[in-house]
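Written out below as C-alpha cells is the structure these notes cover.
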Amino acid sequence: MSLVRFLPTPSDRMGIIWSLLAIQDSVVLEYGPAGTTHYSMGLYGSLGLRFQNRLFTTHLSEDDVVMGDVTRLEESILEIDKVYQPKVIFVVASSTTAVIGTDIKGVCKYMQKEVQAKLISFEQGGFRGDYSVGLLETYKLLVKNIVKPAEKKKGTYNLIGASAWRYRMSSDIWEVKSLLKEALNLECSACLCDNTSVEEIQSMSGAELNIVLGNEGLAAAKLLQEKFGTPYIYKVPYGYQGTIDFLEAVGTILNITPNPLVTMRLKMKIKGMSMLFMYTMMGGGKIRPFFAIRGDYDMVKGISTFLEAANIKPVLKLCAHSLKAIENADSSIQFCKTEKEWLNLIAPLQKTLVLADDIALNQCDNSNTKLRIAAPYLKGGVVATHLPFMGEKGADFLMEKITEYYQSF
C-alpha cells in the first residue's frame, strides 16, 4: 500500500461488512481481534447503518493465532444463535485470520448442524482489492446462498448494486422506486443491499426483472438469470435524458409503456436546459465552463454525461476505486493508484465545477464551485432519504448547482 495522507480507500472486507449490515434478521460475526471491529464501527455508524446487536467479534488471543485454535469462533456462533436467534449468521474473516489462513468455511460447514441459523462465510480479509471487489463478492454470495425458487410475481423487480458507501444511496433508491411506481406501476421486491431482509432476498427469484444500479451487481444479476431465468438490465438513471432512457428500457423488457405524463415532464425539463446557453452568450463567448468529478464509477459516468449535456466540458473524471473488475470501462474515466496522484490533479483546479468527496473538495481553492457527491465526508452527516442524485429529483438538484456555477463567471 502506498503512503496515505488522509483516509485510505476501504478494503474488500469493509465493503462486505457494510453490505451485510443492511440485511435485517441477520448477524455479522467478525473472526478477529476486537480492535479491528471497533475501529470500523465509527465508519459504519457514519453511513447510517444500524449495528446494535447485529455486529459482533470473537476477539483473538495470541495463542489463537499461533495455534490456529478456533474455539472462540465455535463458541461465538453457538452463543449468537441461542441468544439472538437470527435467520443468518455471516462469518467474516478479519485481516489477521486471513493472513494465518483460518478455514472459516470449513468451521461453518461442521458447525451448521449445531445451530438453527444459516451460516455463510466470507473469507476475504482485506487483501483481494478495494471495496468494489467486496461488493461484487457479497452480492454474488448472497444470491448463491440465500435466494430460493419462488413463483414469479407480476409487476415486481429487484435492485442490485446499492452500496452504503455511495453518498446518499438511500435517497437514490427512494427516487428509483418512486419513478418506477409512478411511470410503470412497479413494486420493488428486494434491494441488494439497502434496508432489506433475509426474507426479501430469499424471494428475489420471484421478481420479473433485476435492475443493476452498480457494476458490482452484474455478476449477481447474471447468476440470477442463469439459475431462475430472470432478465436483467444494467442502466443507471442520472440526468433527465438518462432517466427517460432508463424508464423506457425497463418498460421494453416488461412490455409496458411508461406513463406519458412522466416522460413529457422530463422532456420539458430537457428543453429548459437551453437557458444555460444564455449565460455563455451573455458572457460574449468568454465563459468556458469545465467540470472535474471523483466518485464511484457509475456515478462518475452518469453525472458526467448529464454535465456534458449542459455544455460543461470535462477536465477530470476520476474513479475512487479500481477499474479492473469493470467490463468495458469508459476510457475517459481514470483510476489513480496512489492518493498523491489524484491530489496533484485536483489541487490546481480553478473556476471549475468540482464534484467529489470532502477530502478532494478541500484541496482546490474557492474560485471553484464545489459539490459533495461522494464519501468520505468530513462535515455533517446524512439524515434525509429523499435528496437523491439519481432520477428526476437528482437532476433537478444538479441543475441548481450547474446554474450557480454559470452565474459565478
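Residues are named by chain letter and number: chains run A, B, ... in the order of the C-alpha cells, numbers start at 1 in each chain, and ligands are numbered from 1 in the order shown.
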Compile a residue-level contact table for stretch 110-188 of chain A against stretch 229-248 of chain A at a cut-off of 12 Å, reporting for every qualifying residue the shortest atom pair and its distance in Å to one decimal, with only C-alpha atoms counted, rows ordered by chain and ascending number, as a Markdown table.
| residue | atom | partner | partner_atom | distance |
| --- | --- | --- | --- | --- |
| A:Pro149 | CA | A:Gly229 | CA | 10.8 |
| A:Ala150 | CA | A:Thr230 | CA | 11.4 |
| A:Glu151 | CA | A:Thr230 | CA | 11.6 |
| A:Lys152 | CA | A:Thr230 | CA | 9.3 |
| A:Lys153 | CA | A:Thr230 | CA | 11.5 |
| A:Thr156 | CA | A:Thr230 | CA | 11.3 |
| A:Tyr157 | CA | A:Tyr232 | CA | 9.4 |
| A:Asn158 | CA | A:Tyr232 | CA | 9.3 |
| A:Leu159 | CA | A:Tyr232 | CA | 9.8 |
| A:Ile160 | CA | A:Tyr234 | CA | 9.4 |
| A:Gly161 | CA | A:Tyr234 | CA | 9.9 |
| A:Ala162 | CA | A:Val236 | CA | 11.2 |
| A:Asp172 | CA | A:Pro237 | CA | 9.5 |
| A:Ile173 | CA | A:Pro237 | CA | 10.8 |
| A:Glu175 | CA | A:Pro237 | CA | 9.8 |
| A:Val176 | CA | A:Pro237 | CA | 8.0 |
| A:Lys177 | CA | A:Leu247 | CA | 11.4 |
| A:Ser178 | CA | A:Leu247 | CA | 11.7 |
| A:Leu179 | CA | A:Leu247 | CA | 8.2 |
| A:Leu180 | CA | A:Leu247 | CA | 7.3 |
| A:Lys181 | CA | A:Leu247 | CA | 10.6 |
| A:Glu182 | CA | A:Leu247 | CA | 10.4 |
| A:Ala183 | CA | A:Leu247 | CA | 7.4 |
| A:Leu184 | CA | A:Leu247 | CA | 7.8 |
| A:Asn185 | CA | A:Leu247 | CA | 11.2 |
| A:Leu186 | CA | A:Leu247 | CA | 11.0 |
Near stretch 3-24 of chain A, 9 Å: stretch 131-199 of chain A residue rows, closest pairs, only C-alpha atoms, as a tab-separated table:
residue	atom	partner	partner_atom	distance
A:Tyr131	CA	A:Asp12	CA	4.1
A:Ser132	CA	A:Asp12	CA	6.7
A:Val133	CA	A:Asp12	CA	5.5
A:Gly134	CA	A:Asp12	CA	3.8
A:Leu135	CA	A:Gly15	CA	5.4
A:Leu136	CA	A:Ile16	CA	8.8
A:Glu137	CA	A:Ile16	CA	7.7
A:Thr138	CA	A:Ile16	CA	5.8
A:Tyr139	CA	A:Ser19	CA	8.5
A:Ala162	CA	A:Ser19	CA	8.5
A:Ser163	CA	A:Ser19	CA	6.6
A:Ala164	CA	A:Trp18	CA	6.7
A:Trp165	CA	A:Gly15	CA	8.0
A:Leu192	CA	A:Ser19	CA	7.8
A:Cys193	CA	A:Ser19	CA	5.6
A:Asp194	CA	A:Ala22	CA	5.4
A:Asn195	CA	A:Ala22	CA	5.2
A:Thr196	CA	A:Ile23	CA	5.1
A:Ser197	CA	A:Gln24	CA	4.5
A:Val198	CA	A:Ile23	CA	6.3
A:Glu199	CA	A:Gln24	CA	8.9
I need the alpha helix (DSSP H) residues of stretch 146-219 of chain A per DSSP on the backbone, written as an mmCIF file with C-alpha atoms, in the first residue's frame.
data_model
loop_
_atom_site.group_PDB
_atom_site.id
_atom_site.type_symbol
_atom_site.label_atom_id
_atom_site.label_comp_id
_atom_site.auth_asym_id
_atom_site.auth_seq_id
_atom_site.Cartn_x
_atom_site.Cartn_y
_atom_site.Cartn_z
ATOM 1 C CA MET A 169 -27.593 5.936 -1.726
ATOM 2 C CA SER A 170 -30.801 5.540 0.297
ATOM 3 C CA SER A 171 -32.140 8.697 -1.357
ATOM 4 C CA ASP A 172 -31.222 7.333 -4.777
ATOM 5 C CA ILE A 173 -33.066 4.087 -4.022
ATOM 6 C CA TRP A 174 -36.106 6.070 -2.842
ATOM 7 C CA GLU A 175 -36.094 8.071 -6.089
ATOM 8 C CA VAL A 176 -35.737 4.993 -8.322
ATOM 9 C CA LYS A 177 -38.595 3.234 -6.527
ATOM 10 C CA SER A 178 -40.787 6.333 -6.802
ATOM 11 C CA LEU A 179 -40.106 6.727 -10.511
ATOM 12 C CA LEU A 180 -40.779 3.073 -11.300
ATOM 13 C CA LYS A 181 -44.042 3.221 -9.365
ATOM 14 C CA GLU A 182 -45.250 6.435 -10.988
ATOM 15 C CA ALA A 183 -44.118 5.674 -14.543
ATOM 16 C CA LEU A 184 -44.584 1.897 -14.763
ATOM 17 C CA VAL A 198 -33.269 -12.202 4.663
ATOM 18 C CA GLU A 199 -36.866 -12.971 3.669
ATOM 19 C CA GLU A 200 -36.810 -10.428 0.835
ATOM 20 C CA ILE A 201 -33.539 -11.802 -0.507
ATOM 21 C CA GLN A 202 -34.888 -15.365 -0.347
ATOM 22 C CA LEU A 218 -23.662 -7.514 -12.635
ATOM 23 C CA ALA A 219 -22.272 -10.896 -11.542
#
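For the set A:Arg294, A:Asn366, A:Ala93, A:Thr263, the residue with the smallest atom-to-atom gap to A:Cys336 is A:Arg294, counting only C-alpha atoms.
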> Which residue, A:Arg72, A:Leu141, A:Gln116, A:Phe306, has the smallest gap to A:Ala395 when you use only C-alpha atoms?
Replying inline: A:Phe306
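Rounded to one decimal, atom CA of A:Ser26 and atom CA of A:Val147 lie 14.6 Å from each other.
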> Quick one: DSSP strand (DSSP E or B) residues in stretch 186-387 of chain A, as JSON, numbers by chain?
Replying inline: {"A": [187, 188, 189, 190, 191, 192, 196, 197, 209, 210, 211, 212, 232, 233, 234, 290, 291, 292, 293, 294, 295, 313, 314, 315, 316, 317, 318, 319, 334, 335, 353, 354, 355, 356, 369, 370, 371, 372]}
> Using only C-alpha atoms, which of the listed residues (A:Tyr110, A:Phe56, A:Tyr31, A:Tyr406) sits closest to A:Ser94?
Replying inline: A:Tyr31
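Between atom CA of A:Gln363 and atom CA of A:Asn311 the interatomic distance comes to 25.1 Å.
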> Expressed in Å to a single decimal, how great is the separation between atom CA of A:Val83 and atom CA of A:Asp69?
Replying inline: 23.5 Å
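The closest residue to A:Tyr84, picked from A:Asp25, A:Gln124, A:Glu226, A:Asp298 and counting only C-alpha atoms, is A:Asp25.
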